[in-house]
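*Asks:* Input file: start-v6.txt. Contents: compact mmCIF, C-alpha atoms.
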# COMPACT_ATOMS: atom_id res chain seq x y z
CA MET A 147 60.25 -139.20 -8.22
CA GLY A 148 60.27 -141.95 -5.68
CA THR A 149 57.24 -143.62 -4.31
CA THR A 150 56.78 -143.96 -0.62
CA GLY A 151 55.58 -147.04 1.17
CA PRO A 152 52.12 -147.47 2.56
CA VAL A 153 51.03 -144.72 4.92
CA THR A 154 49.87 -145.86 8.32
CA PRO A 155 47.23 -143.63 9.85
CA GLU A 156 48.10 -142.07 13.20
CA ALA A 157 45.85 -142.39 16.21
CA PRO A 158 43.09 -139.80 16.02
CA PHE A 159 43.45 -136.71 18.16
CA GLU A 160 41.46 -136.99 21.36
CA PRO A 161 40.63 -133.47 22.67
CA SER A 162 39.40 -134.73 26.05
CA LYS A 163 42.86 -136.06 26.97
CA PRO A 164 46.06 -134.00 27.17
CA PRO A 165 48.78 -134.98 24.72
CA VAL A 166 51.54 -137.20 26.04
CA ILE A 167 54.94 -135.55 25.69
CA GLU A 168 57.95 -137.60 26.59
CA GLY A 169 59.85 -136.14 29.55
CA PHE A 170 57.13 -133.65 30.46
CA SER A 171 54.75 -133.93 33.36
CA PRO A 172 51.93 -131.37 33.35
CA SER A 173 51.93 -130.94 37.13
CA VAL A 174 54.91 -130.81 39.44
CA TYR A 175 52.70 -131.03 42.50
CA SER A 176 50.91 -134.27 43.30
CA THR A 177 47.93 -132.59 44.94
CA PRO A 178 46.12 -129.50 43.67
CA GLU A 179 46.75 -126.32 45.68
CA SER A 180 44.08 -124.00 46.96
CA PHE A 181 44.34 -120.30 46.12
CA LYS A 182 45.58 -119.49 49.62
CA GLU A 183 48.28 -122.20 49.54
CA LYS A 184 49.49 -121.07 46.11
CA PHE A 185 49.51 -117.41 47.18
CA LEU A 186 51.54 -118.20 50.30
CA ARG A 187 53.99 -120.37 48.35
CA LYS A 188 54.51 -117.70 45.68
CA THR A 189 54.91 -115.02 48.38
CA ARG A 190 57.59 -117.09 50.11
CA GLU A 191 59.39 -117.64 46.78
CA ASN A 192 59.45 -113.93 45.89
CA PRO A 193 58.31 -111.65 48.77
CA MET A 194 59.15 -108.40 46.95
CA VAL A 195 56.27 -108.73 44.46
CA PRO A 196 53.45 -108.43 47.04
CA ILE A 197 55.34 -105.60 48.74
CA GLY A 198 55.56 -103.76 45.42
CA CYS A 199 51.88 -104.39 44.72
CA LEU A 200 50.89 -103.02 48.13
CA GLY A 201 53.10 -99.99 47.60
CA THR A 202 51.54 -99.36 44.20
CA ALA A 203 48.01 -99.65 45.59
CA ALA A 204 48.83 -97.39 48.56
CA ALA A 205 50.37 -94.68 46.35
CA LEU A 206 47.43 -94.82 43.96
CA THR A 207 44.85 -94.66 46.75
CA TYR A 208 46.52 -91.78 48.55
CA GLY A 209 47.14 -89.95 45.27
CA LEU A 210 43.47 -90.20 44.32
CA TYR A 211 42.50 -89.03 47.81
CA CYS A 212 44.77 -85.99 47.46
CA PHE A 213 43.36 -85.30 43.98
CA HIS A 214 39.83 -85.39 45.38
CA ARG A 215 40.80 -82.94 48.15
CA GLY A 216 42.37 -80.55 45.61
CA GLN A 217 45.99 -81.06 46.68
CA SER A 218 47.38 -81.20 43.16
CA GLN A 219 51.07 -81.04 44.12
CA ARG A 220 50.76 -83.98 46.52
CA SER A 221 48.61 -85.87 44.02
CA GLN A 222 51.26 -85.46 41.29
CA PHE A 223 53.96 -86.65 43.68
CA MET A 224 51.93 -89.74 44.61
CA MET A 225 51.28 -90.60 40.94
CA ARG A 226 55.02 -90.45 40.32
CA THR A 227 55.54 -92.60 43.40
CA ARG A 228 53.03 -95.07 41.99
CA ILE A 229 55.05 -95.32 38.77
CA ALA A 230 58.21 -96.00 40.79
CA ALA A 231 56.40 -98.68 42.81
CA GLN A 232 55.16 -100.30 39.59
CA GLY A 233 58.72 -100.31 38.25
CA PHE A 234 59.91 -101.92 41.48
CA THR A 235 57.22 -104.61 41.14
CA VAL A 236 58.15 -105.39 37.52
CA ALA A 237 61.84 -105.55 38.46
CA ALA A 238 61.01 -107.90 41.35
CA ILE A 239 59.05 -110.17 38.99
CA LEU A 240 61.91 -110.26 36.47
CA LEU A 241 64.54 -110.91 39.15
CA GLY A 242 62.36 -113.66 40.62
CA LEU A 243 62.03 -115.28 37.19
CA ALA A 244 65.78 -115.07 36.64
CA ALA A 245 66.48 -116.55 40.07
CA SER A 246 64.08 -119.46 39.50
CA ALA A 247 65.58 -120.10 36.06
CA MET A 248 69.09 -120.19 37.52
CA LYS A 249 67.93 -122.45 40.35
CA SER A 250 66.36 -124.96 37.95
CA ARG A 251 69.57 -125.34 35.92
CA PRO A 252 71.60 -128.47 36.68
Could you show the structure in this file as structure tokens?
*Replies:*
Amino acid sequence: MGTTGPVTPEAPFEPSKPPVIEGFSPSVYSTPESFKEKFLRKTRENPMVPIGCLGTAAALTYGLYCFHRGQSQRSQFMMRTRIAAQGFTVAAILLGLAASAMKSRP
């Protein structure tokens, strides 16, 4: 068995500072965004996601209203519509992720 040379201790971990990773910057944007600015930017990048969310919420709301009024056929239809709107939203998210991944490739 070979002996190794003297071990030099590494710098202690400092939890108050983020680790430095070569080639990685933690923030792409130089100034922090407000919620409204980030929401508008994300909506411009992928406008189908908010449309799908609104469709899901509308179908759920109207379906619950119909359920409350005793219109079971209409309520069932709206719950199925809600599922379709949720599927549309998930597909929009996945397509948006794929598009942004393709755009970031050199």
*Asks:* Select, counting only C-alpha atoms, all protein, DNA and RNA residues no farther than 12 Å from (43.0, -87.1, 44.1) in file coordinates, and express the selection as an MDAnalysis selection string.
*Replies:* chainID A and resid 205:225
*Asks:* Calculate how many Å separate CA of Thr235 in chain A from CA of Pro193 in chain A, rounding to one decimal.
*Replies:*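 One can read the CA of Thr235 in chain A to CA of Pro193 in chain A distance as 10.4 Å.
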*Asks:* State, in Å with one decimal place, the distance from CA of Lys188 in chain A to CA of Ala231 in chain A.
*Replies:* 19.3 Å
*Asks:* Of the residues A:Ala204, A:Val166, A:Val236, A:Leu241, which is the one nearest to Asn192 in chain A, using all atoms listed in the file?
*Replies:*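 Nearest to Asn192 in chain A: A:Leu241.
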*Asks:* When you draw a straight line from CA of Cys199 in chain A to CA of Gln232 in chain A, how long is it in Å?
*Replies:*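 For CA of Cys199 in chain A relative to CA of Gln232 in chain A, the distance reads 7.3 Å.
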*Asks:* Show which residues sit within 9 Å of Ile239 in chain A, as a PyMOL selection string. Count all atoms listed in the file, and ignore same-chain residues fewer than 4 positions away.
*Replies:* chain A and resi 192+194-195+234-235+243-244
*Asks:* Could you check the closest approach to Ile229 in chain A for each of A:Ile167, A:Leu186, A:Ala203, A:Ile197 and tell me which residue wins, using all atoms listed in the file?
*Replies:* A:Ala203
*Asks:* Using all atoms listed in the file, which of the listed residues (A:Arg187, A:Lys249, A:Glu179, A:Gly198) sits closest to Ala237 in chain A?
*Replies:* A:Gly198
